[in-house]
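**Student:** Following this line is my_file_14.cif, made up of mmCIF, C-alpha atoms (C1' of nucleotides):
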data_query
loop_
_atom_site.label_atom_id
_atom_site.label_comp_id
_atom_site.auth_asym_id
_atom_site.auth_seq_id
_atom_site.Cartn_x
_atom_site.Cartn_y
_atom_site.Cartn_z
CA MET A 30 -27.87 4.36 38.30
CA THR A 31 -29.49 7.11 36.28
CA ASP A 32 -31.87 9.57 37.80
CA ASP A 33 -35.09 8.15 36.37
CA GLU A 34 -34.31 4.74 37.85
CA ARG A 35 -34.88 5.95 41.38
CA ILE A 36 -37.92 4.90 43.32
CA ASP A 37 -39.90 6.99 45.77
CA GLN A 38 -42.19 6.11 48.64
CA PHE A 39 -45.15 5.48 46.34
CA ASP A 40 -43.11 3.00 44.32
CA ARG A 41 -41.94 1.24 47.48
CA LYS A 42 -45.51 0.90 48.67
CA ILE A 43 -46.60 -0.47 45.31
CA LEU A 44 -43.76 -3.01 45.29
CA SER A 45 -44.49 -3.99 48.84
CA LEU A 46 -48.18 -4.55 48.13
CA LEU A 47 -47.51 -6.48 44.93
CA GLN A 48 -45.05 -8.86 46.53
CA ALA A 49 -47.76 -9.68 49.06
CA ASP A 50 -50.47 -10.01 46.41
CA GLY A 51 -49.41 -10.08 42.78
CA ARG A 52 -52.96 -9.92 41.54
CA LEU A 53 -53.93 -6.63 43.12
CA THR A 54 -55.77 -4.52 40.57
CA ASN A 55 -54.76 -0.97 39.83
CA ASN A 56 -57.99 0.09 41.46
CA ASP A 57 -57.11 -1.69 44.68
CA LEU A 58 -53.58 -0.37 44.52
CA SER A 59 -54.77 3.16 43.99
CA GLU A 60 -56.90 3.06 47.12
CA ARG A 61 -54.06 1.81 49.28
CA VAL A 62 -51.35 4.13 48.04
CA ASN A 63 -53.57 7.17 47.51
CA LEU A 64 -52.95 7.65 43.81
CA SER A 65 -55.25 7.38 40.84
CA PRO A 66 -55.57 4.00 39.08
CA SER A 67 -53.93 5.35 35.96
CA GLN A 68 -50.95 6.54 37.96
CA CYS A 69 -50.57 3.14 39.57
CA SER A 70 -50.71 1.57 36.15
CA ARG A 71 -47.96 3.86 34.83
CA ARG A 72 -45.75 3.38 37.84
CA ARG A 73 -46.16 -0.35 37.78
CA GLN A 74 -45.30 -0.43 34.10
CA ARG A 75 -42.14 1.54 34.81
CA LEU A 76 -41.17 -0.76 37.68
CA GLU A 77 -41.62 -3.75 35.40
CA GLU A 78 -39.71 -2.25 32.49
CA GLU A 79 -36.81 -1.10 34.63
CA GLY A 80 -36.50 -4.52 36.21
CA PHE A 81 -37.52 -3.82 39.79
CA ILE A 82 -40.30 -6.34 39.24
CA ARG A 83 -38.83 -9.49 37.75
CA GLY A 84 -42.14 -11.21 37.18
CA TYR A 85 -45.28 -12.61 38.72
CA ARG A 86 -45.66 -16.16 39.97
CA ALA A 87 -48.40 -18.33 41.36
CA VAL A 88 -47.21 -19.99 44.57
CA LEU A 89 -48.36 -23.59 44.72
CA ASP A 90 -48.90 -25.88 47.68
CA ARG A 91 -46.00 -28.32 47.78
CA ASP A 92 -47.61 -30.93 49.98
CA ARG A 93 -50.88 -30.95 48.12
CA LEU A 94 -49.06 -31.51 44.85
CA GLY A 95 -47.09 -34.42 46.15
CA PHE A 96 -43.69 -32.94 46.93
CA SER A 97 -43.53 -33.94 50.56
CA LEU A 98 -39.77 -33.81 50.98
CA VAL A 99 -37.60 -30.73 51.07
CA ASN A 100 -33.86 -31.37 51.26
CA VAL A 101 -30.80 -29.26 51.88
CA ILE A 102 -27.81 -30.71 50.07
CA SER A 103 -24.25 -29.51 50.55
CA VAL A 104 -21.96 -30.11 47.60
CA THR A 105 -18.18 -30.14 47.33
CA LEU A 106 -16.83 -29.88 43.79
CA ALA A 107 -14.18 -32.24 42.45
CA THR A 108 -11.85 -29.47 41.35
CA HIS A 109 -12.11 -25.73 41.77
CA ASN A 110 -11.33 -24.47 38.29
CA ARG A 111 -13.71 -22.44 36.19
CA ASP A 112 -14.61 -25.20 33.76
CA ASN A 113 -15.76 -27.47 36.51
CA ALA A 114 -17.89 -24.79 38.09
CA ARG A 115 -19.48 -24.13 34.72
CA ASN A 116 -20.21 -27.82 34.21
CA PHE A 117 -21.86 -27.94 37.60
CA ALA A 118 -23.95 -24.84 36.88
CA GLU A 119 -25.02 -26.34 33.57
CA LEU A 120 -26.09 -29.54 35.34
CA LEU A 121 -28.19 -27.63 37.87
CA SER A 122 -29.96 -25.62 35.20
CA ARG A 123 -31.31 -28.88 33.76
CA LEU A 124 -32.60 -30.25 37.08
CA PRO A 125 -36.10 -28.96 37.89
CA GLU A 126 -36.12 -30.45 41.41
CA VAL A 127 -33.37 -28.00 42.37
CA GLN A 128 -35.14 -24.88 43.56
CA GLU A 129 -32.10 -23.04 44.86
CA ALA A 130 -28.35 -23.28 44.43
CA HIS A 131 -25.93 -20.94 46.17
CA ALA A 132 -22.14 -20.80 46.25
CA LEU A 133 -21.04 -20.22 49.83
CA THR A 134 -18.11 -18.96 51.86
CA GLY A 135 -16.75 -21.54 54.29
CA GLU A 136 -16.16 -25.28 54.05
CA MET A 137 -18.91 -26.22 51.64
CA ASP A 138 -18.82 -25.13 48.01
CA TYR A 139 -22.53 -25.10 47.26
CA ILE A 140 -25.79 -25.50 49.08
CA LEU A 141 -28.87 -26.75 47.23
CA LYS A 142 -32.53 -26.76 48.10
CA VAL A 143 -34.20 -29.71 46.43
CA VAL A 144 -37.84 -30.88 46.47
CA THR A 145 -38.82 -34.49 45.88
CA PRO A 146 -41.98 -36.58 46.28
CA ASP A 147 -40.38 -39.19 48.54
CA LEU A 148 -37.17 -40.77 49.82
CA LYS A 149 -36.74 -42.98 46.78
CA SER A 150 -36.71 -40.08 44.37
CA LEU A 151 -34.37 -38.21 46.70
CA SER A 152 -32.01 -41.18 46.65
CA ASP A 153 -32.33 -41.45 42.87
CA PHE A 154 -31.48 -37.80 42.59
CA VAL A 155 -28.46 -37.85 44.91
CA ASN A 156 -27.00 -41.22 43.95
CA GLY A 157 -28.18 -41.35 40.36
CA VAL A 158 -27.73 -37.80 39.15
CA LEU A 159 -25.68 -35.62 41.46
CA LEU A 160 -22.90 -37.93 42.70
CA PRO A 161 -22.14 -39.58 39.34
CA HIS A 162 -21.54 -36.22 37.70
CA ASP A 163 -17.89 -35.47 36.93
CA SER A 164 -17.96 -32.04 38.53
CA VAL A 165 -19.07 -33.36 41.94
CA GLN A 166 -16.81 -34.85 44.60
CA HIS A 167 -18.91 -35.10 47.72
CA VAL A 168 -22.47 -34.39 48.86
CA LYS A 169 -24.08 -34.23 52.28
CA THR A 170 -27.86 -34.57 52.42
CA ALA A 171 -30.09 -33.18 55.16
CA ILE A 172 -33.86 -33.56 55.20
CA VAL A 173 -36.12 -30.74 56.25
CA LEU A 174 -38.23 -31.83 59.22
CA GLU A 175 -40.30 -28.67 59.41
CA THR A 176 -40.41 -25.38 57.54
CA LEU A 177 -41.07 -22.48 59.88
CA LYS A 178 -40.94 -19.78 57.25
CA GLU A 179 -40.69 -19.59 53.50
CA THR A 180 -41.10 -16.40 51.50
CA SER A 181 -39.35 -14.51 48.76
CA ALA A 182 -40.59 -11.16 50.04
CA LEU A 183 -37.96 -8.49 50.61
CA PRO A 184 -38.17 -6.47 53.85
CA LEU A 185 -38.99 -3.16 52.18
CA MET B 9 -58.49 -36.58 50.03
CA THR B 10 -61.96 -36.49 48.54
CA ASP B 11 -62.64 -37.27 44.93
CA ASP B 12 -63.29 -33.73 43.74
CA GLU B 13 -59.92 -32.63 45.06
CA ARG B 14 -58.06 -34.53 42.38
CA ILE B 15 -56.35 -32.78 39.54
CA ASP B 16 -56.07 -33.90 35.93
CA GLN B 17 -53.66 -33.08 33.15
CA PHE B 18 -55.46 -29.82 32.31
CA ASP B 19 -55.11 -28.67 35.91
CA ARG B 20 -51.44 -29.59 35.97
CA LYS B 21 -50.83 -27.59 32.83
CA ILE B 22 -52.68 -24.61 34.24
CA LEU B 23 -50.68 -24.76 37.48
CA SER B 24 -47.46 -25.13 35.58
CA LEU B 25 -48.18 -22.13 33.37
CA LEU B 26 -49.30 -19.97 36.28
CA GLN B 27 -46.22 -20.66 38.37
CA ALA B 28 -44.17 -19.48 35.41
CA ASP B 29 -46.35 -16.42 34.81
CA GLY B 30 -48.89 -15.50 37.44
CA ARG B 31 -50.43 -12.81 35.29
CA LEU B 32 -51.45 -14.98 32.37
CA THR B 33 -54.97 -14.08 31.32
CA ASN B 34 -57.64 -16.70 30.95
CA ASN B 35 -57.55 -16.10 27.23
CA ASP B 36 -53.86 -16.90 27.04
CA LEU B 37 -54.29 -19.86 29.34
CA SER B 38 -57.15 -21.22 27.30
CA GLU B 39 -55.10 -21.12 24.11
CA ARG B 40 -52.20 -22.97 25.66
CA VAL B 41 -54.21 -25.69 27.35
CA ASN B 42 -56.87 -25.98 24.62
CA LEU B 43 -59.86 -25.14 26.73
CA SER B 44 -62.33 -22.27 26.59
CA PRO B 45 -61.58 -19.17 28.69
CA SER B 46 -64.54 -19.79 30.93
CA GLN B 47 -63.39 -23.32 31.62
CA CYS B 48 -59.94 -22.07 32.56
CA SER B 49 -61.51 -19.52 34.83
CA ARG B 50 -63.58 -22.17 36.55
CA ARG B 51 -60.67 -24.55 36.96
CA ARG B 52 -58.42 -21.83 38.26
CA GLN B 53 -61.03 -20.78 40.77
CA ARG B 54 -61.29 -24.36 41.96
CA LEU B 55 -57.52 -24.68 42.25
CA GLU B 56 -57.44 -21.50 44.30
CA GLU B 57 -60.34 -22.46 46.55
CA GLU B 58 -59.02 -25.94 47.21
CA GLY B 59 -55.61 -24.57 48.11
CA PHE B 60 -53.47 -25.89 45.29
CA ILE B 61 -52.68 -22.27 44.52
CA ARG B 62 -51.62 -20.53 47.71
CA GLY B 63 -51.42 -17.07 46.20
CA TYR B 64 -49.80 -14.82 43.66
CA ARG B 65 -46.64 -12.80 44.24
CA ALA B 66 -44.60 -10.25 42.41
CA VAL B 67 -40.94 -11.31 42.41
CA LEU B 68 -38.69 -8.30 42.98
CA ASP B 69 -35.06 -7.75 42.08
CA ARG B 70 -33.02 -8.06 45.25
CA ASP B 71 -29.91 -6.28 44.03
CA ARG B 72 -31.77 -3.35 42.51
CA LEU B 73 -33.64 -2.83 45.74
CA GLY B 74 -30.50 -2.75 47.84
CA PHE B 75 -30.39 -6.22 49.37
CA SER B 76 -26.97 -7.21 48.10
CA LEU B 77 -26.19 -9.88 50.66
CA VAL B 78 -27.78 -13.29 50.98
CA ASN B 79 -26.71 -15.33 53.96
CA VAL B 80 -27.13 -18.90 55.09
CA ILE B 81 -27.15 -19.12 58.86
CA SER B 82 -27.05 -22.37 60.82
CA VAL B 83 -28.56 -22.19 64.26
CA THR B 84 -28.22 -24.48 67.27
CA LEU B 85 -30.85 -24.02 69.94
CA ALA B 86 -29.99 -23.62 73.61
CA THR B 87 -32.25 -26.44 74.74
CA HIS B 88 -34.39 -28.84 72.76
CA ASN B 89 -37.68 -28.69 74.57
CA ARG B 90 -40.92 -27.58 72.96
CA ASP B 91 -41.13 -24.21 74.67
CA ASN B 92 -37.75 -23.17 73.39
CA ALA B 93 -38.57 -24.21 69.85
CA ARG B 94 -41.77 -22.18 70.06
CA ASN B 95 -39.91 -19.12 71.31
CA PHE B 96 -37.50 -19.43 68.42
CA ALA B 97 -40.33 -19.79 65.90
CA GLU B 98 -42.01 -16.75 67.37
CA LEU B 99 -38.79 -14.75 67.03
CA LEU B 100 -38.41 -15.70 63.37
CA SER B 101 -41.95 -14.73 62.51
CA ARG B 102 -41.16 -11.17 63.59
CA LEU B 103 -37.95 -10.86 61.54
CA PRO B 104 -38.65 -9.80 57.95
CA GLU B 105 -35.05 -10.32 56.80
CA VAL B 106 -35.49 -14.06 57.35
CA GLN B 107 -36.85 -15.43 54.11
CA GLU B 108 -36.61 -19.10 54.98
CA ALA B 109 -36.25 -21.17 58.14
CA HIS B 110 -36.08 -24.95 58.10
CA ALA B 111 -35.56 -27.49 60.87
CA LEU B 112 -33.08 -30.09 59.67
CA THR B 113 -31.93 -33.62 60.33
CA GLY B 114 -28.25 -33.87 61.24
CA GLU B 115 -25.96 -31.74 63.40
CA MET B 116 -27.57 -28.35 62.92
CA ASP B 117 -31.00 -27.58 64.33
CA TYR B 118 -32.11 -24.91 61.89
CA ILE B 119 -30.94 -23.34 58.69
CA LEU B 120 -31.98 -19.78 57.81
CA LYS B 121 -31.84 -17.81 54.61
CA VAL B 122 -31.46 -14.15 55.42
CA VAL B 123 -31.20 -11.09 53.15
CA THR B 124 -29.47 -7.89 54.23
CA PRO B 125 -28.30 -4.68 52.53
CA ASP B 126 -24.68 -4.99 53.70
CA LEU B 127 -22.25 -6.58 56.16
CA LYS B 128 -23.06 -4.15 58.93
CA SER B 129 -26.74 -5.00 58.94
CA LEU B 130 -25.83 -8.69 58.76
CA SER B 131 -23.64 -8.26 61.81
CA ASP B 132 -26.36 -6.29 63.57
CA PHE B 133 -28.80 -9.06 62.82
CA VAL B 134 -26.59 -11.93 63.96
CA ASN B 135 -24.95 -10.30 66.97
CA GLY B 136 -27.74 -7.94 67.92
CA VAL B 137 -30.86 -9.99 67.38
CA LEU B 138 -30.21 -13.69 66.86
CA LEU B 139 -27.41 -14.51 69.31
CA PRO B 140 -28.78 -12.50 72.26
CA HIS B 141 -32.10 -14.35 72.11
CA ASP B 142 -32.62 -16.84 74.92
CA SER B 143 -33.59 -19.67 72.64
CA VAL B 144 -30.34 -19.57 70.65
CA GLN B 145 -27.07 -21.18 71.66
CA HIS B 146 -24.85 -21.01 68.62
CA VAL B 147 -24.95 -19.66 65.06
CA LYS B 148 -22.69 -20.17 62.05
CA THR B 149 -22.91 -17.61 59.27
CA ALA B 150 -22.04 -18.23 55.64
CA ILE B 151 -22.30 -15.60 52.95
CA VAL B 152 -23.64 -16.42 49.50
CA LEU B 153 -20.99 -15.63 46.89
CA GLU B 154 -23.17 -16.41 43.89
CA THR B 155 -26.69 -17.67 43.36
CA LEU B 156 -26.88 -20.10 40.45
CA LYS B 157 -30.57 -20.81 40.73
CA GLU B 158 -33.49 -19.51 42.72
CA THR B 159 -37.09 -20.44 42.06
CA SER B 160 -40.13 -21.61 43.95
CA ALA B 161 -41.47 -23.53 40.97
CA LEU B 162 -42.38 -27.15 41.54
CA PRO B 163 -41.24 -29.69 38.92
CA LEU B 164 -44.72 -30.59 37.71
"C1'" DA C 18 -46.69 14.94 37.65
"C1'" DC C 19 -51.26 13.75 38.60
"C1'" DT C 20 -56.39 13.15 37.49
"C1'" DG C 21 -60.56 11.72 35.04
"C1'" DA C 22 -62.95 9.89 31.38
"C1'" DA C 23 -63.14 7.16 27.16
"C1'" DA C 24 -61.65 3.06 24.45
"C1'" DC C 25 -60.17 -1.34 24.90
"C1'" DT C 26 -59.22 -5.85 26.99
"C1'" DT C 27 -60.36 -9.40 30.16
"C1'" DC C 28 -63.39 -11.79 33.34
"C1'" DT C 29 -67.41 -14.37 34.65
"C1'" DG C 30 -71.96 -16.27 35.08
"C1'" DA C 31 -76.28 -17.79 32.60
"C1'" DC C 32 -77.57 -20.80 29.24
"C1'" DG C 33 -77.44 -24.42 25.65
"C1'" DT C 34 -75.18 -28.64 24.10
"C1'" DA D 27 -68.21 -31.29 31.77
"C1'" DC D 28 -67.53 -28.00 28.12
"C1'" DG D 29 -68.34 -23.88 24.89
"C1'" DT D 30 -70.74 -19.47 23.60
"C1'" DC D 31 -72.07 -15.06 24.49
"C1'" DA D 32 -73.23 -10.88 26.76
"C1'" DG D 33 -72.93 -7.92 30.81
"C1'" DA D 34 -69.54 -6.48 34.35
"C1'" DA D 35 -64.99 -5.39 35.79
"C1'" DG D 36 -60.40 -3.95 35.11
"C1'" DT D 37 -56.70 -1.71 32.32
"C1'" DT D 38 -54.57 1.86 29.72
"C1'" DT D 39 -54.16 5.80 26.89
"C1'" DC D 40 -54.88 10.57 26.21
"C1'" DA D 41 -56.46 15.23 26.85
"C1'" DG D 42 -56.58 18.63 30.45
"C1'" DT D 43 -54.98 20.94 34.69
#
The structure in this file should be written as structure tokens.

**Tutor:**
Amino acid sequence: MTDDERIDQFDRKILSLLQADGRLTNNDLSERVNLSPSQCSRRRQRLEEEGFIRGYRAVLDRDRLGFSLVNVISVTLATHNRDNARNFAELLSRLPEVQEAHALTGEMDYILKVVTPDLKSLSDFVNGVLLPHDSVQHVKTAIVLETLKETSALPL
Amino acid sequence: MTDDERIDQFDRKILSLLQADGRLTNNDLSERVNLSPSQCSRRRQRLEEEGFIRGYRAVLDRDRLGFSLVNVISVTLATHNRDNARNFAELLSRLPEVQEAHALTGEMDYILKVVTPDLKSLSDFVNGVLLPHDSVQHVKTAIVLETLKETSALPL
DNA sequence: ACTGAAACTTCTGACGT
DNA sequence: ACGTCAGAAGTTTCAGT
């Protein structure tokens, strides 16, 4: 990490405010962090260029857009060699209903977070796409009854 | 659902583009959906007001900001009455390292996604905060070895 | 490094179709 | 419901401290 890739308290505050509201203007930012708008603009540009800010996203309402089901699916791979893992990763990258995929320590190989409109499309996904794939040996599906919290904000 | 809360193909396209890039200008939007800028502005405003768009967020780089560990924690509650569930929910709302919390069907009561800077702070969180709480009976911690995919985008 | 002002881009609301 | 246009707002660059 080179010296100019450090962040100070102003940067932290800017990041913190932007992850709460990605549309804050430089004017608004400047009032809250006590810097001039131009300085906020420059700092934000730096934070974007150096990769601290990966991007900006609109967060949509799942229910209102018809994705009523959230599912947590545990996956065990057929074999544990590198090729198989790559095949599985390639499969996931093509499946838009998979929002998250993490390789875990412990019994299960992978845990997926999947959104679907209803039980039929969940079943189609599990039995029609995931299970038939060569890389996959076993899956265990759990349905989310209630989401208490859901954010991508880091505790800065 | 009233009639004016429906969305058409233009709206879908706008939502889809904005969840990929929340900073798209109306000009850019208008070119990609083949509408005038003012029309995009109006539609976007409607989508925001009617709650299809819940907000805009900057997505930060976890690793660069020092949160190297992602953890998946399964929680079993001490008792399954409503008061206990409410106590647990209240606890979670005060813990910024918890990014997600879902109540599940199956053996486990809840699954949490938690980010921490290192193993010590993970241990502090599990043994110092989660386990001592009255509402909690048992937790099982798994560490994420690799994240293959992570998005909040809906498959519109 | 920061500020302030000027040049530029984007937004938005009134109006016409 | 949509597009055009002009006034308002926001962004960014640059000279100055």

**Student:** Using only C-alpha atoms (C1' of nucleotides), what does the table of chain B residues within 12 Å of chain D look like, with each row giving the shortest atom pair and its distance in Å to one decimal, sorted by chain and ascending number, as a tab-separated table?

**Tutor:**
residue	atom	partner	partner_atom	distance
B:Ser38	CA	D:DG29	C1'	11.8
B:Asn42	CA	D:DC28	C1'	11.4
B:Leu43	CA	D:DC28	C1'	8.3
B:Ser44	CA	D:DG29	C1'	6.4
B:Pro45	CA	D:DG29	C1'	9.1
B:Ser46	CA	D:DG29	C1'	8.2
B:Gln47	CA	D:DC28	C1'	7.2
B:Cys48	CA	D:DC28	C1'	10.6
B:Arg50	CA	D:DC28	C1'	11.0
B:Arg51	CA	D:DA27	C1'	11.4

**Student:** Please identify every residue of chain C that has at least one atom no farther than 10 Å from an atom of chain A, counting all atoms listed in the file, and for each give the shortest atom pair and the distance in Å to one decimal, arranged by chain then increasing number, as CSV.

**Tutor:**
residue,atom,partner,partner_atom,distance
C:DA18,C1',A:Gln68,CA,9.4
C:DC19,C1',A:Gln68,CA,7.2
C:DT20,C1',A:Ser65,CA,6.8
C:DG21,C1',A:Ser65,CA,9.0

**Student:** Using the chain letters and numbering of this document, enumerate as a VMD selection string the residues selected by the PyMOL selection byres ((chain B) within 9 of (chain A)).

**Tutor:** chain B and resid 23 to 31 59 to 70 72 to 73 75 79 to 80 97 100 to 101 103 to 114 120 123 to 124 149 to 164

**Student:** I'd like to know which of A:Leu159, A:Leu120, A:Leu148, A:Ile43 is closest to A:Glu60, using all atoms listed in the file.

**Tutor:**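 Closest residue, counting all atoms listed in the file: A:Ile43.
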
**Student:** Could you do a least-squares fit of chain B on chain A over every C-alpha atom, in sequence order, and give the output as a CSV table (one decimal) with C-alpha atoms, in the coordinates of the input?

**Tutor:**
chain,number,residue,atom,x,y,z
B,9,MET,CA,-27.8,4.3,38.1
B,10,THR,CA,-29.5,7.0,36.2
B,11,ASP,CA,-31.8,9.5,37.8
B,12,ASP,CA,-35.1,8.1,36.4
B,13,GLU,CA,-34.3,4.7,37.8
B,14,ARG,CA,-34.9,5.9,41.4
B,15,ILE,CA,-37.9,4.9,43.4
B,16,ASP,CA,-39.9,7.0,45.8
B,17,GLN,CA,-42.2,6.1,48.7
B,18,PHE,CA,-45.1,5.5,46.4
B,19,ASP,CA,-43.1,3.0,44.4
B,20,ARG,CA,-41.9,1.2,47.5
B,21,LYS,CA,-45.5,0.9,48.7
B,22,ILE,CA,-46.6,-0.5,45.3
B,23,LEU,CA,-43.8,-3.0,45.3
B,24,SER,CA,-44.5,-4.0,48.8
B,25,LEU,CA,-48.2,-4.6,48.1
B,26,LEU,CA,-47.5,-6.5,44.9
B,27,GLN,CA,-45.1,-8.9,46.5
B,28,ALA,CA,-47.8,-9.7,49.0
B,29,ASP,CA,-50.5,-10.0,46.4
B,30,GLY,CA,-49.4,-10.1,42.8
B,31,ARG,CA,-53.0,-10.0,41.5
B,32,LEU,CA,-54.0,-6.7,43.1
B,33,THR,CA,-55.8,-4.6,40.6
B,34,ASN,CA,-54.8,-1.0,39.9
B,35,ASN,CA,-58.0,0.1,41.5
B,36,ASP,CA,-57.1,-1.7,44.8
B,37,LEU,CA,-53.6,-0.4,44.5
B,38,SER,CA,-54.6,3.1,44.0
B,39,GLU,CA,-56.8,3.1,47.1
B,40,ARG,CA,-54.1,1.8,49.3
B,41,VAL,CA,-51.3,4.1,48.1
B,42,ASN,CA,-53.6,7.1,47.5
B,43,LEU,CA,-53.0,7.6,43.9
B,44,SER,CA,-55.2,7.4,40.8
B,45,PRO,CA,-55.5,4.0,39.1
B,46,SER,CA,-53.9,5.4,36.0
B,47,GLN,CA,-50.9,6.6,38.0
B,48,CYS,CA,-50.5,3.2,39.6
B,49,SER,CA,-50.7,1.6,36.2
B,50,ARG,CA,-48.0,3.9,34.9
B,51,ARG,CA,-45.7,3.4,37.9
B,52,ARG,CA,-46.1,-0.3,37.8
B,53,GLN,CA,-45.3,-0.4,34.1
B,54,ARG,CA,-42.1,1.6,34.9
B,55,LEU,CA,-41.2,-0.7,37.7
B,56,GLU,CA,-41.6,-3.7,35.4
B,57,GLU,CA,-39.7,-2.2,32.5
B,58,GLU,CA,-36.8,-1.1,34.6
B,59,GLY,CA,-36.5,-4.5,36.2
B,60,PHE,CA,-37.5,-3.8,39.8
B,61,ILE,CA,-40.3,-6.3,39.2
B,62,ARG,CA,-38.8,-9.5,37.7
B,63,GLY,CA,-42.2,-11.2,37.1
B,64,TYR,CA,-45.3,-12.6,38.7
B,65,ARG,CA,-45.7,-16.2,39.9
B,66,ALA,CA,-48.4,-18.3,41.3
B,67,VAL,CA,-47.2,-20.0,44.5
B,68,LEU,CA,-48.4,-23.6,44.7
B,69,ASP,CA,-48.9,-25.9,47.6
B,70,ARG,CA,-46.0,-28.3,47.7
B,71,ASP,CA,-47.6,-30.9,50.0
B,72,ARG,CA,-50.9,-31.0,48.1
B,73,LEU,CA,-49.1,-31.5,44.8
B,74,GLY,CA,-47.1,-34.4,46.1
B,75,PHE,CA,-43.7,-32.9,46.9
B,76,SER,CA,-43.5,-33.9,50.5
B,77,LEU,CA,-39.8,-33.8,51.0
B,78,VAL,CA,-37.6,-30.7,51.1
B,79,ASN,CA,-33.9,-31.3,51.2
B,80,VAL,CA,-30.8,-29.3,51.9
B,81,ILE,CA,-27.8,-30.7,50.1
B,82,SER,CA,-24.2,-29.5,50.5
B,83,VAL,CA,-22.0,-30.1,47.6
B,84,THR,CA,-18.2,-30.1,47.3
B,85,LEU,CA,-16.8,-29.9,43.8
B,86,ALA,CA,-14.2,-32.2,42.5
B,87,THR,CA,-11.9,-29.4,41.4
B,88,HIS,CA,-12.1,-25.7,41.8
B,89,ASN,CA,-11.3,-24.5,38.3
B,90,ARG,CA,-13.7,-22.4,36.2
B,91,ASP,CA,-14.6,-25.2,33.8
B,92,ASN,CA,-15.7,-27.5,36.5
B,93,ALA,CA,-17.9,-24.8,38.1
B,94,ARG,CA,-19.5,-24.1,34.7
B,95,ASN,CA,-20.2,-27.8,34.2
B,96,PHE,CA,-21.9,-27.9,37.6
B,97,ALA,CA,-23.9,-24.8,36.9
B,98,GLU,CA,-25.0,-26.4,33.6
B,99,LEU,CA,-26.1,-29.5,35.3
B,100,LEU,CA,-28.2,-27.6,37.9
B,101,SER,CA,-30.0,-25.6,35.2
B,102,ARG,CA,-31.3,-28.9,33.8
B,103,LEU,CA,-32.6,-30.3,37.1
B,104,PRO,CA,-36.1,-29.0,37.9
B,105,GLU,CA,-36.1,-30.5,41.4
B,106,VAL,CA,-33.4,-28.0,42.4
B,107,GLN,CA,-35.1,-24.9,43.5
B,108,GLU,CA,-32.1,-23.0,44.8
B,109,ALA,CA,-28.4,-23.3,44.4
B,110,HIS,CA,-25.9,-20.9,46.1
B,111,ALA,CA,-22.2,-20.8,46.2
B,112,LEU,CA,-21.1,-20.2,49.8
B,113,THR,CA,-18.1,-18.9,51.8
B,114,GLY,CA,-16.8,-21.5,54.3
B,115,GLU,CA,-16.2,-25.2,54.0
B,116,MET,CA,-18.9,-26.2,51.6
B,117,ASP,CA,-18.8,-25.1,48.0
B,118,TYR,CA,-22.5,-25.1,47.2
B,119,ILE,CA,-25.8,-25.5,49.1
B,120,LEU,CA,-28.9,-26.7,47.2
B,121,LYS,CA,-32.5,-26.8,48.1
B,122,VAL,CA,-34.2,-29.7,46.4
B,123,VAL,CA,-37.8,-30.9,46.5
B,124,THR,CA,-38.8,-34.5,45.9
B,125,PRO,CA,-42.0,-36.6,46.3
B,126,ASP,CA,-40.4,-39.2,48.6
B,127,LEU,CA,-37.2,-40.8,49.8
B,128,LYS,CA,-36.7,-43.0,46.8
B,129,SER,CA,-36.7,-40.1,44.4
B,130,LEU,CA,-34.4,-38.2,46.7
B,131,SER,CA,-32.0,-41.2,46.7
B,132,ASP,CA,-32.3,-41.5,42.9
B,133,PHE,CA,-31.5,-37.8,42.6
B,134,VAL,CA,-28.5,-37.8,44.9
B,135,ASN,CA,-27.0,-41.2,44.0
B,136,GLY,CA,-28.2,-41.4,40.4
B,137,VAL,CA,-27.7,-37.8,39.2
B,138,LEU,CA,-25.7,-35.6,41.5
B,139,LEU,CA,-22.9,-37.9,42.7
B,140,PRO,CA,-22.1,-39.6,39.4
B,141,HIS,CA,-21.5,-36.2,37.7
B,142,ASP,CA,-17.9,-35.5,37.0
B,143,SER,CA,-18.0,-32.1,38.6
B,144,VAL,CA,-19.1,-33.4,42.0
B,145,GLN,CA,-16.8,-34.8,44.6
B,146,HIS,CA,-18.9,-35.1,47.7
B,147,VAL,CA,-22.5,-34.4,48.9
B,148,LYS,CA,-24.1,-34.2,52.3
B,149,THR,CA,-27.9,-34.5,52.4
B,150,ALA,CA,-30.1,-33.2,55.2
B,151,ILE,CA,-33.8,-33.6,55.2
B,152,VAL,CA,-36.1,-30.7,56.3
B,153,LEU,CA,-38.2,-31.8,59.2
B,154,GLU,CA,-40.3,-28.6,59.4
B,155,THR,CA,-40.4,-25.4,57.5
B,156,LEU,CA,-41.1,-22.5,59.9
B,157,LYS,CA,-40.9,-19.8,57.2
B,158,GLU,CA,-40.7,-19.6,53.5
B,159,THR,CA,-41.1,-16.4,51.5
B,160,SER,CA,-39.4,-14.5,48.7
B,161,ALA,CA,-40.6,-11.2,50.0
B,162,LEU,CA,-38.0,-8.5,50.6
B,163,PRO,CA,-38.2,-6.5,53.8
B,164,LEU,CA,-39.0,-3.2,52.1

**Student:** Can you work out the spacing between atom CA of A:Gly157 and atom CA of A:Asn113 in Å, to one decimal?

**Tutor:**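 Computing the Euclidean distance for atom CA of A:Gly157 and atom CA of A:Asn113 yields 19.0 Å.
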
**Student:** What is the atom CA of A:Thr105 to atom CA of B:Thr84 distance in Å?

**Tutor:** 23.0 Å

**Student:** Kindly give the distance, in Å, that separates atom CA of A:Arg111 and atom CA of A:His167, rounded to a single decimal.

**Tutor:** 17.9 Å

**Student:** Would you mind telling me which residue in B:Asn95, B:Val41, B:Thr33, B:Asn89 lies nearest to B:Lys21 when using all atoms listed in the file?

**Tutor:** B:Val41

**Student:** Starting from the shown file, work through the PyMOL selection byres ((chain C and resi 28) around 8) and note down what comes out as number ranges by chain.

**Tutor:** B: 34; C: 27, 29; D: 35
